[in-house]
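Here is the file run_14.cif (mmCIF, C-alpha atoms).
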data_work
loop_
_atom_site.label_atom_id
_atom_site.label_comp_id
_atom_site.auth_asym_id
_atom_site.auth_seq_id
_atom_site.Cartn_x
_atom_site.Cartn_y
_atom_site.Cartn_z
CA MET T 1 -41.97 138.16 154.42
CA THR T 2 -38.93 138.38 156.66
CA ALA T 3 -35.23 139.07 156.46
CA ALA T 4 -34.50 135.39 156.92
CA THR T 5 -34.99 134.40 153.33
CA THR T 6 -32.71 131.97 151.65
CA GLY T 7 -31.90 131.47 148.02
CA GLY T 8 -33.44 128.01 148.03
CA VAL T 9 -31.79 124.65 147.71
CA ALA T 10 -28.48 124.64 145.86
CA PRO T 11 -28.79 122.97 142.46
CA PRO T 12 -26.83 119.79 141.72
CA ALA T 13 -23.35 120.40 140.29
CA GLY T 14 -23.51 121.63 136.69
CA ALA T 15 -27.27 122.24 136.73
CA PRO T 16 -28.51 125.78 136.10
CA HIS T 17 -29.55 127.78 139.14
CA ARG T 18 -33.33 128.18 139.02
CA MET T 19 -34.93 131.21 140.61
CA THR T 20 -37.99 133.39 140.43
CA ARG T 21 -37.74 137.16 140.36
CA ILE T 22 -40.45 139.80 140.33
CA ALA T 23 -40.22 142.39 137.55
CA PRO T 24 -41.11 146.06 138.35
CA SER T 25 -44.46 145.55 136.62
CA GLY T 26 -45.28 142.76 139.07
CA ALA T 27 -44.77 140.01 136.50
CA ARG T 28 -43.15 136.81 137.70
CA VAL T 29 -40.00 135.83 135.84
CA ASP T 30 -38.79 132.26 136.16
CA LEU T 31 -35.10 132.04 135.37
CA ALA T 32 -32.54 129.31 134.90
CA VAL T 33 -28.98 130.67 134.95
CA PRO T 34 -26.05 128.28 134.38
CA GLU T 35 -23.39 128.29 137.08
CA VAL T 36 -20.71 129.39 134.62
CA PHE T 37 -22.25 132.89 134.47
CA GLY T 38 -21.63 133.23 138.20
CA PRO T 39 -23.82 134.60 140.96
CA LEU T 40 -25.88 137.61 139.93
CA ARG T 41 -27.24 140.60 141.85
CA TRP T 42 -30.63 141.64 140.55
CA TYR T 43 -31.52 145.11 139.30
CA ALA T 44 -34.38 146.36 137.16
CA SER T 45 -35.51 149.35 135.19
CA THR T 46 -38.85 150.76 134.09
CA ARG T 47 -40.30 153.86 132.42
CA PHE T 48 -43.55 155.71 132.96
CA THR T 49 -45.16 158.02 130.45
CA GLY T 50 -48.30 160.06 130.73
CA PRO T 51 -49.77 163.44 129.81
CA ARG T 52 -47.57 165.32 132.30
CA THR T 53 -45.03 162.71 133.32
CA ALA T 54 -42.05 161.01 131.74
CA ARG T 55 -39.93 159.28 134.29
CA GLN T 56 -37.50 156.40 134.49
CA PHE T 57 -36.83 154.39 137.63
CA PHE T 58 -33.86 152.14 138.33
CA LEU T 59 -34.40 149.41 140.88
CA ALA T 60 -31.49 147.99 142.86
CA PRO T 61 -30.80 146.01 146.02
CA ARG T 62 -31.35 148.16 149.09
CA GLY T 63 -28.43 150.32 150.16
CA GLU T 64 -26.99 151.37 146.80
CA HIS T 65 -28.37 154.90 147.28
CA ARG T 66 -25.61 155.49 149.84
CA ALA T 67 -23.31 156.10 146.88
CA ILE T 68 -25.27 159.23 145.89
CA PRO T 69 -24.20 161.63 148.68
CA LYS T 70 -20.75 160.02 148.78
CA HIS T 71 -19.76 159.82 145.12
CA VAL T 72 -22.42 161.12 142.72
CA LEU T 73 -23.56 164.33 144.42
CA PRO T 74 -20.94 164.90 147.15
CA GLY T 75 -22.38 166.75 150.12
CA ALA T 76 -25.91 166.54 148.72
CA ARG T 77 -28.80 167.73 150.88
CA GLU T 78 -30.79 164.78 152.13
CA ARG T 79 -34.45 164.66 153.07
CA TRP T 80 -36.21 161.56 154.39
CA VAL T 81 -39.95 161.04 154.29
CA ALA T 82 -41.28 157.90 155.98
CA LEU T 83 -43.96 156.15 153.96
CA ARG T 84 -45.82 152.93 154.66
CA GLY T 85 -43.40 150.09 154.00
CA ALA T 86 -40.70 152.31 152.51
CA ASP T 87 -38.87 155.61 152.87
CA ALA T 88 -38.67 158.32 150.24
CA VAL T 89 -35.25 159.96 150.22
CA VAL T 90 -34.59 163.09 148.20
CA PHE T 91 -30.98 164.03 147.43
CA GLU T 92 -30.28 167.46 146.00
CA ALA T 93 -26.89 168.71 144.83
CA VAL T 94 -25.47 171.67 146.73
CA ASP T 95 -25.78 173.87 143.61
CA ARG T 96 -29.23 172.36 142.84
CA SER T 97 -28.02 171.23 139.41
CA ASP T 98 -29.33 167.70 139.95
CA ALA T 99 -31.49 165.76 142.35
CA ALA T 100 -32.67 162.21 142.87
CA LEU T 101 -35.60 160.54 144.56
CA VAL T 102 -35.02 157.10 146.04
CA LEU T 103 -37.82 154.87 147.36
CA VAL T 104 -36.07 152.66 149.89
CA GLY T 105 -37.87 149.50 150.93
CA PRO T 106 -36.65 146.75 153.24
CA HIS T 107 -35.16 144.71 150.36
CA HIS T 108 -34.86 146.95 147.30
CA GLU T 109 -34.87 150.58 146.25
CA ALA T 110 -36.05 152.55 143.23
CA THR T 111 -34.21 155.66 142.05
CA THR T 112 -35.22 158.38 139.63
CA TRP T 113 -33.21 161.44 138.60
CA PHE T 114 -34.62 164.90 138.02
CA GLY T 115 -31.75 166.53 136.12
CA GLY T 116 -32.44 169.76 137.98
CA PRO T 117 -33.63 170.98 141.38
CA ALA T 118 -35.67 168.62 143.56
CA PRO T 119 -39.43 169.18 143.38
CA ALA T 120 -41.11 171.17 146.14
CA ASP T 121 -43.36 169.43 148.68
CA GLY T 122 -46.44 169.59 146.47
CA GLY T 123 -44.61 168.21 143.46
CA LEU T 124 -43.07 165.42 145.50
CA ALA T 125 -46.47 164.51 146.96
CA ALA T 126 -48.01 164.42 143.49
CA LEU T 127 -45.16 162.28 142.18
CA LEU T 128 -45.35 159.78 145.03
CA GLU T 129 -49.12 159.53 144.81
CA ALA T 130 -48.84 158.52 141.19
CA PHE T 131 -47.01 155.28 142.01
CA ARG T 132 -47.45 152.15 144.09
CA PHE T 133 -44.20 150.67 145.41
CA THR T 134 -44.28 147.21 146.96
CA ASP T 135 -41.13 145.53 148.13
CA ALA T 136 -40.56 141.80 148.55
CA PRO T 137 -37.47 139.59 148.80
CA GLY T 138 -37.94 138.41 145.19
CA GLY T 139 -38.08 141.91 143.74
CA ALA T 140 -39.84 145.23 144.14
CA THR T 141 -42.81 146.28 142.07
CA LEU T 142 -43.35 149.85 141.01
CA VAL T 143 -46.57 150.41 139.12
CA PRO T 144 -48.76 153.42 138.34
CA ALA T 145 -51.52 154.04 140.87
CA SER T 146 -53.86 154.48 137.91
CA ASP T 147 -53.46 153.01 134.44
CA LEU T 148 -55.54 155.89 133.09
CA LEU T 149 -52.87 158.48 133.86
CA LEU T 150 -49.59 156.65 133.40
CA ARG T 151 -48.42 153.94 131.07
CA GLN T 152 -45.64 151.65 132.18
CA ALA T 153 -43.10 150.66 129.54
CA GLY T 154 -39.54 149.48 129.13
CA VAL T 155 -39.63 146.95 131.97
CA SER T 156 -36.41 145.01 132.19
CA LEU T 157 -34.84 142.75 134.74
CA ILE T 158 -31.05 143.01 135.01
CA GLY T 159 -28.73 140.47 136.58
CA ARG T 160 -25.18 141.70 137.21
CA GLY T 161 -22.23 139.69 138.34
CA ASP T 162 -18.46 139.53 137.95
CA ARG T 163 -18.67 137.23 134.97
CA ALA T 164 -21.79 138.36 133.15
CA THR T 165 -24.56 140.90 132.80
CA LEU T 166 -27.96 139.64 131.75
CA VAL T 167 -30.95 141.73 130.72
CA ALA T 168 -34.34 140.03 130.47
CA ARG T 169 -37.36 141.68 128.85
CA ARG T 170 -40.78 140.63 127.73
CA ALA T 171 -40.51 139.03 124.29
CA VAL T 172 -43.03 141.47 122.77
CA ASP T 173 -40.95 144.44 124.00
CA ALA T 174 -37.77 142.96 122.54
CA LEU T 175 -39.31 141.94 119.22
CA PRO T 176 -38.45 145.17 117.30
CA MET T 177 -34.78 144.72 118.23
CA LEU T 178 -34.49 141.13 117.03
CA PRO T 179 -32.95 140.30 113.63
CA ASP T 180 -35.18 139.38 110.71
CA TRP T 181 -33.35 136.12 110.09
CA ALA T 182 -33.78 132.95 112.12
CA GLY T 183 -31.42 132.27 114.96
CA LEU T 184 -29.92 129.05 116.21
CA ARG T 185 -32.59 126.83 117.76
CA LEU T 186 -31.94 126.18 121.46
CA PRO T 187 -34.28 124.56 124.01
CA ALA T 188 -35.27 127.97 125.41
CA GLY T 189 -35.65 129.79 122.09
CA GLU T 190 -33.58 131.22 119.25
CA LEU T 191 -30.06 132.51 119.71
CA TRP T 192 -28.26 135.28 117.87
CA ARG T 193 -24.96 136.95 118.57
CA ALA T 194 -24.48 140.64 117.96
CA ASP T 195 -21.59 143.10 117.98
CA ARG T 196 -20.74 144.82 121.23
CA LEU T 197 -20.30 148.57 121.29
CA LEU T 198 -16.64 148.75 122.27
CA ASP T 199 -13.96 151.27 121.37
CA ALA T 200 -10.99 150.16 119.26
CA GLY T 201 -8.76 149.41 122.26
CA ALA T 202 -11.33 147.31 124.10
CA GLY T 203 -12.39 145.67 120.85
CA ALA T 204 -8.79 144.53 120.23
CA LEU T 205 -8.61 143.04 123.73
CA VAL T 206 -11.57 140.76 123.18
CA ALA T 207 -11.12 139.92 119.47
CA GLY T 208 -11.48 136.22 118.82
CA THR T 209 -12.81 135.40 122.30
CA VAL T 210 -16.27 134.75 123.69
CA HIS T 211 -16.25 138.33 125.01
CA GLU T 212 -16.40 139.76 121.50
CA TRP T 213 -20.16 139.18 121.23
CA ARG T 214 -23.41 140.00 122.87
CA TYR T 215 -25.70 136.95 123.00
CA VAL T 216 -29.42 137.42 122.39
CA LEU T 217 -31.72 134.55 123.32
CA ALA T 218 -35.40 135.04 122.51
CA GLY T 219 -37.98 132.60 123.79
CA GLU T 220 -41.76 132.56 123.71
CA SER T 221 -42.32 134.93 126.60
CA ALA T 222 -38.94 136.58 127.31
CA ALA T 223 -35.80 137.73 125.55
CA ILE T 224 -32.41 137.71 127.23
CA ASP T 225 -29.42 139.83 126.33
CA LEU T 226 -26.18 138.46 127.77
CA VAL T 227 -22.69 139.92 127.89
CA LEU T 228 -19.72 138.02 129.31
CA HIS T 229 -17.26 140.28 131.11
CA GLY T 230 -13.63 139.91 130.16
CA PRO T 231 -10.49 141.98 129.58
CA GLU T 232 -12.55 144.93 128.28
CA SER T 233 -13.98 145.27 131.81
CA GLY T 234 -10.63 144.75 133.54
CA ARG T 235 -11.45 141.15 134.40
CA PRO T 236 -9.61 137.97 133.44
CA PRO T 237 -11.00 136.32 130.30
CA LEU T 238 -13.34 133.37 130.75
CA GLN T 239 -11.61 130.23 129.57
CA LEU T 240 -14.51 129.04 127.47
CA THR T 241 -14.66 127.84 123.89
CA ASP T 242 -17.54 128.78 121.60
CA ASP T 243 -19.02 125.32 122.10
CA GLN T 244 -18.87 125.63 125.87
CA VAL T 245 -20.62 129.00 125.72
CA LEU T 246 -23.24 127.47 123.46
CA GLY T 247 -23.71 124.64 125.94
CA ALA T 248 -24.19 127.13 128.77
CA LEU T 249 -26.59 129.23 126.70
CA ALA T 250 -28.63 126.11 125.97
CA ALA T 251 -29.26 125.82 129.70
CA LEU T 252 -30.15 129.54 130.06
CA ASP T 253 -33.87 130.20 130.22
CA ALA T 254 -36.34 132.92 131.20
CA ARG T 255 -40.11 132.73 131.30
CA TRP T 256 -42.08 135.92 131.75
CA VAL T 257 -45.39 135.16 133.45
CA GLY T 258 -47.94 137.98 133.41
CA MET W 1 -93.06 194.49 138.08
CA SER W 2 -93.07 193.43 134.49
CA VAL W 3 -92.55 189.81 133.46
CA GLN W 4 -89.28 190.69 131.68
CA LEU W 5 -87.85 192.27 134.84
CA ALA W 6 -88.87 189.26 136.93
CA VAL W 7 -87.16 186.85 134.48
CA ALA W 8 -84.04 189.01 134.42
CA LEU W 9 -83.87 189.14 138.22
CA LEU W 10 -84.38 185.36 138.40
CA ALA W 11 -81.57 184.80 135.90
CA LEU W 12 -79.31 187.10 137.90
CA LEU W 13 -80.12 185.12 141.04
CA VAL W 14 -79.28 181.82 139.36
CA ALA W 15 -76.03 183.25 138.00
CA LEU W 16 -75.09 184.53 141.47
CA PHE W 17 -75.80 181.12 142.99
CA ALA W 18 -73.68 179.40 140.34
CA LEU W 19 -70.82 181.80 141.07
CA VAL W 20 -71.00 181.19 144.83
CA ALA W 21 -71.08 177.42 144.29
CA LEU W 22 -68.07 177.60 141.97
CA VAL W 23 -66.06 179.63 144.49
CA ALA W 24 -67.00 177.18 147.27
CA VAL W 25 -65.90 174.15 145.21
CA TYR W 26 -62.62 175.88 144.31
CA ALA W 27 -61.95 176.73 147.97
CA ARG W 28 -62.67 173.13 149.00
CA VAL W 29 -60.34 171.68 146.36
CA ARG W 30 -57.54 174.04 147.43
CA ALA W 31 -58.08 173.12 151.08
CA LEU W 32 -57.89 169.40 150.24
CA GLU W 33 -54.72 169.97 148.21
CA ALA W 34 -53.07 171.94 151.02
CA ALA W 35 -53.92 169.31 153.62
CA ARG W 36 -52.60 166.30 151.72
CA GLU W 37 -49.61 164.51 153.14
CA ILE W 38 -46.64 163.32 151.20
CA GLY W 39 -47.15 159.62 150.74
CA LEU W 40 -47.17 156.77 148.32
CA SER W 41 -50.48 155.75 146.96
CA GLY W 42 -51.86 153.14 149.34
CA TYR W 43 -51.70 153.01 153.11
CA ALA W 44 -50.94 155.85 155.53
CA ALA W 45 -47.42 155.98 156.98
CA VAL W 46 -46.82 154.65 160.49
CA VAL W 47 -44.27 157.35 161.34
CA GLY W 48 -46.00 160.43 162.71
CA ARG W 49 -49.03 158.54 163.95
CA ALA W 50 -49.90 157.50 167.51
CA ALA W 51 -49.00 153.91 168.31
CA PRO W 52 -51.65 151.57 169.78
CA PRO W 53 -52.12 152.19 173.55
CA SER W 54 -50.79 148.71 174.45
CA VAL W 55 -47.25 149.60 173.36
CA ARG W 56 -47.03 153.29 174.31
CA PRO W 57 -44.54 154.38 177.03
CA ARG W 58 -46.05 154.37 180.51
CA PRO W 59 -46.40 157.57 182.57
CA GLY W 60 -42.92 158.70 183.63
CA GLN W 61 -41.21 157.00 180.73
CA ARG W 62 -39.88 159.22 177.96
CA ILE W 63 -39.17 156.82 175.11
CA GLY W 64 -40.65 153.62 173.75
CA LEU W 65 -38.82 151.04 171.66
CA VAL W 66 -41.15 148.68 169.83
CA ALA W 67 -39.85 145.79 167.76
CA VAL W 68 -42.23 144.09 165.35
CA LEU W 69 -40.93 140.52 165.20
CA ASP W 70 -41.73 137.24 163.55
CA ALA W 71 -41.03 133.91 165.27
CA ASP W 72 -39.86 132.30 162.02
CA CYS W 73 -37.11 134.79 161.24
CA ALA W 74 -33.67 134.17 162.71
CA LEU W 75 -32.68 137.84 162.79
CA CYS W 76 -35.80 138.68 164.83
CA HIS W 77 -34.47 136.60 167.73
CA ALA W 78 -31.14 138.48 167.59
CA VAL W 79 -33.04 141.78 167.62
CA TRP W 80 -35.08 140.60 170.60
CA ASP W 81 -31.93 139.61 172.54
CA ALA W 82 -30.25 142.97 171.75
CA LEU W 83 -33.41 144.86 172.65
CA ALA W 84 -33.61 143.15 176.03
CA GLU W 85 -30.21 144.62 176.92
CA VAL W 86 -31.73 148.11 177.08
CA THR W 87 -32.00 148.51 180.85
CA ASP W 88 -32.95 152.21 181.08
CA THR W 89 -36.13 152.42 183.20
CA ALA W 90 -37.18 155.56 181.32
CA VAL W 91 -37.51 153.45 178.19
CA ARG W 92 -40.36 151.02 177.61
CA VAL W 93 -39.12 148.06 175.63
CA VAL W 94 -41.76 146.04 173.83
CA ALA W 95 -41.69 143.32 171.21
CA LEU W 96 -44.86 142.75 169.21
CA VAL W 97 -44.70 139.13 168.15
CA ASP W 98 -46.88 136.58 166.44
CA ARG W 99 -46.08 133.75 168.90
CA SER W 100 -44.65 134.65 172.29
CA ASP W 101 -43.72 131.06 173.20
CA ALA W 102 -41.12 131.00 170.41
CA PHE W 103 -39.04 133.77 171.99
CA ALA W 104 -36.69 133.52 174.97
CA ALA W 105 -37.93 135.33 178.07
CA HIS W 106 -35.96 138.42 179.11
CA PRO W 107 -36.65 140.34 182.32
CA GLY W 108 -37.38 144.03 181.77
CA ALA W 109 -38.55 143.58 178.17
CA GLU W 110 -42.15 142.77 177.31
CA LEU W 111 -43.40 140.33 174.72
CA ILE W 112 -46.87 141.27 173.54
CA THR W 113 -49.05 139.15 171.27
CA ASP W 114 -51.62 141.65 170.11
CA PRO W 115 -52.69 140.93 166.52
CA VAL W 116 -54.55 144.23 166.16
CA ALA W 117 -51.61 146.36 167.33
CA ARG W 118 -49.21 144.25 165.26
CA ALA W 119 -51.32 144.68 162.14
CA GLU W 120 -51.39 148.42 162.72
CA LEU W 121 -47.61 148.68 162.99
CA PHE W 122 -46.49 145.94 160.60
CA GLU W 123 -45.17 147.37 157.35
CA GLY W 124 -44.64 144.13 155.48
CA PHE W 125 -41.24 143.35 156.94
CA ALA W 126 -39.87 141.91 160.15
CA PRO W 127 -37.77 142.78 162.07
CA THR W 128 -38.81 146.41 162.20
CA VAL W 129 -37.95 148.68 165.12
CA LEU W 130 -40.03 151.73 166.00
CA ARG W 131 -39.06 154.53 168.34
CA LEU W 132 -41.89 156.30 170.17
CA ASP W 133 -41.84 159.60 172.05
CA ALA W 134 -43.30 160.00 175.56
CA ALA W 135 -46.76 160.63 174.11
CA GLY W 136 -46.65 157.40 172.12
CA THR W 137 -46.22 158.91 168.67
CA VAL W 138 -43.98 156.97 166.29
CA VAL W 139 -40.99 159.19 165.50
CA GLU W 140 -38.70 156.77 163.72
CA ARG W 141 -38.92 153.44 161.94
CA SER W 142 -36.02 151.19 160.94
CA PHE W 143 -36.10 148.04 158.86
CA VAL W 144 -33.40 145.89 160.41
CA ASP W 145 -31.14 143.80 158.21
CA ALA W 146 -28.00 141.84 159.02
CA ASP W 147 -25.79 144.93 158.44
CA VAL W 148 -27.51 147.09 161.05
CA ASP W 149 -25.55 147.84 164.23
CA LEU W 150 -28.15 146.77 166.79
CA PRO W 151 -26.62 148.35 169.95
CA ALA W 152 -26.33 151.67 168.06
CA LEU W 153 -29.96 151.38 166.94
CA PHE W 154 -31.14 150.91 170.51
CA ARG W 155 -28.82 153.51 172.04
CA VAL W 156 -31.01 156.04 173.75
CA GLY W 157 -29.54 159.52 174.14
CA SER W 158 -29.64 161.43 177.42
CA PRO W 159 -32.64 163.69 177.86
CA ALA W 160 -32.13 167.10 176.31
#

Will you turn the file into C-alpha cells for me?
Amino acid sequence: MTAATTGGVAPPAGAPHRMTRIAPSGARVDLAVPEVFGPLRWYASTRFTGPRTARQFFLAPRGEHRAIPKHVLPGARERWVALRGADAVVFEAVDRSDAALVLVGPHHEATTWFGGPAPADGGLAALLEAFRFTDAPGGATLVPASDLLLRQAGVSLIGRGDRATLVARRAVDALPMLPDWAGLRLPAGELWRADRLLDAGAGALVAGTVHEWRYVLAGESAAIDLVLHGPESGRPPLQLTDDQVLGALAALDARWVG
Amino acid sequence: MSVQLAVALLALLVALFALVALVAVYARVRALEAAREIGLSGYAAVVGRAAPPSVRPRPGQRIGLVAVLDADCALCHAVWDALAEVTDTAVRVVALVDRSDAFAAHPGAELITDPVARAELFEGFAPTVLRLDAAGTVVERSFVDADVDLPALFRVGSPA
C-alpha cells in the first residue's frame, strides 16, 4: 500500500471505466461507469446506532477537512491526536456551538459532527475506541469495534464529478425506496426515473432535458441513484438525447460483494 | 458464645469481605479508565512511543528524521533524495527501507534494512516521515503525498 497507486489501465474508447471501491463496511464494490458521466471523486457515508450512540460519518478523499477551519467553523480550535495509521482531529467552533471529529488517514478521511461542544478527553477516547478505521487507496473502512454494541447501517458509496453524482447502496437497503412497478430491463438490472427535488426556477431550467430526472438502476446486489448535473447546478447542459442516456445507463453497473 | 451469635458474626464478616472486594473492584476499574489513552480500537499509536534503538539519534544529536520507505513507490525515492539534503550534523537522517539496493546512495543519510524496526514504525502507508526527539521518542508523524512540501517538512528549527 503506497502513494504510488494508479487508476489501472485506461479502458478502450467508449468502454465503461471499471474500478473497484471499498465501501465503509468493508464490502467490495465493483463498478463500471461510462465515460460520458465523467471522472468521479469517491465519497461515502455510514451510520452507527447503538444503546448510547447514534452517529453518522461522511468519508471523503483526504484533505477535505481543511475547509472546516477555513469556511465552516472559521477560527475553530483544532486538536490533533495521533493514532496508529491515522490522525484524529477535533475542530470546535469558537463559541462551542458546533464541533467535528475527523479521522484523517493517508488516503481518506471520515468526519462526524457533534452539533454542540466537542466531547472531553474521556468521551473522545470512548468514541474512538468504539470504531475501527482502516484506510486503503481503494477506500476507507469504518466499522464498529464490536457488533454487539453498535449496528452499522446506511452504507452508501458516492461518486461525484462535474457531470454526474452517483450513489450506490446495497440492493437490500435500497429496496424500500424502489417503486412497486417493474422498471425497464437493462443488462445490469431494472431502471426507473424519478422526479428531482428542484425549486420552480431550477425545475424550469431543466424541463424537457435529461437533467429533469433522477435515474435509479437496481441490480441483484446494488442499487445506483444517478443525477446528471446541468443548468440547475450552474453547469452547461449535457448534449445527450434520452436514447443516448439510456445507452450510457445500459453500460453502468455496480456489484456489491460482501 | 451462643450459636446464633456465632452465625451473626460470621455473616457480618462475609458482608464486610464482600464490601471490601466491591470497593477494590470499583477502584481498579476507575484506575483503568483514568489510565486509558485516546486511541482507535486496534494498535497503539507510534507517536509518543520510543523508536527502535537502531534509528534513534546518536549521543550529541538532538533530532532524528526517520523515513519509512518502500522501494516500489516512486514518491519514496523523491522523499529519500529530499531527506538526504538535510546536512545538519545535529540531525540523524535515517531511511527504513525494504530493499536498500533499490535506493540511490547519499552520503550523510543512512539506509537501514531492519524488518523488525520497520514493522514497528510502519503504519500501513509509505512514504511516512517520523520526527524523533533527542531521546528517541517519536514526536511527529507525517504521511507524505504528492502535495507535501518536502523541504518544509524536513526543515529543522534552531535549538530553543

Check your understanding: Residues at most 10 Å from Pro236 in chain T, counting only C-alpha atoms, excluding those fewer than 6 positions away in the same chain, as a PyMOL selection string?
Key -> chain T and resi 163+229-230

Practice item. Tell me which residues the PyMOL selection byres ((chain T) within 8 of (chain W)) grabs here, as a ChimeraX atom specification. Key: /T:1-4,81-85,106,121-122,124-126,128-133,145

Practice item. In Å, rounded to a single decimal, give me how far CA of Leu157 in chain T is from CA of Leu246 in chain T. Key: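 It comes out at 22.3 Å.
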
Exercise for review: Run through the PyMOL selection byres ((chain T and resi 93) around 8) on the given coordinates and return the selected residues as a PyMOL selection string.
Suggested key: chain T and resi 73-77+91-92+94-99+117

Exercise for review: Quote the spacing between CA of Leu101 in chain T and CA of Pro137 in chain T in Å to one decimal place.
Suggested key: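 Distance reported for this atom pair: 21.5 Å.
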
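Note that CA of Glu109 in chain T and CA of Ala23 in chain T are 13.1 Å apart.
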
Point to revise | Of the listed residues W:Ala82, W:Leu111, W:Ala119, W:Ala134, that which approaches Pro151 in chain W most closely, counting only C-alpha atoms | key: W:Ala82

Review point. Around (-28.3, 139.1, 109.4) in the file's frame, which residues reach within 12 Å when counting all atoms listed in the file? Return as a PyMOL selection string?
Key: chain T and resi 178-183+192-195

Prev. selection, C-alpha atoms, output as an mmCIF file, keeping the file's coordinate frame:
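So out.cif came out as:
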data_model
loop_
_atom_site.group_PDB
_atom_site.id
_atom_site.type_symbol
_atom_site.label_atom_id
_atom_site.label_comp_id
_atom_site.auth_asym_id
_atom_site.auth_seq_id
_atom_site.Cartn_x
_atom_site.Cartn_y
_atom_site.Cartn_z
ATOM 1 C CA LEU T 178 -34.490 141.130 117.030
ATOM 2 C CA PRO T 179 -32.950 140.300 113.630
ATOM 3 C CA ASP T 180 -35.180 139.380 110.710
ATOM 4 C CA TRP T 181 -33.350 136.120 110.090
ATOM 5 C CA ALA T 182 -33.780 132.950 112.120
ATOM 6 C CA GLY T 183 -31.420 132.270 114.960
ATOM 7 C CA TRP T 192 -28.260 135.280 117.870
ATOM 8 C CA ARG T 193 -24.960 136.950 118.570
ATOM 9 C CA ALA T 194 -24.480 140.640 117.960
ATOM 10 C CA ASP T 195 -21.590 143.100 117.980
#
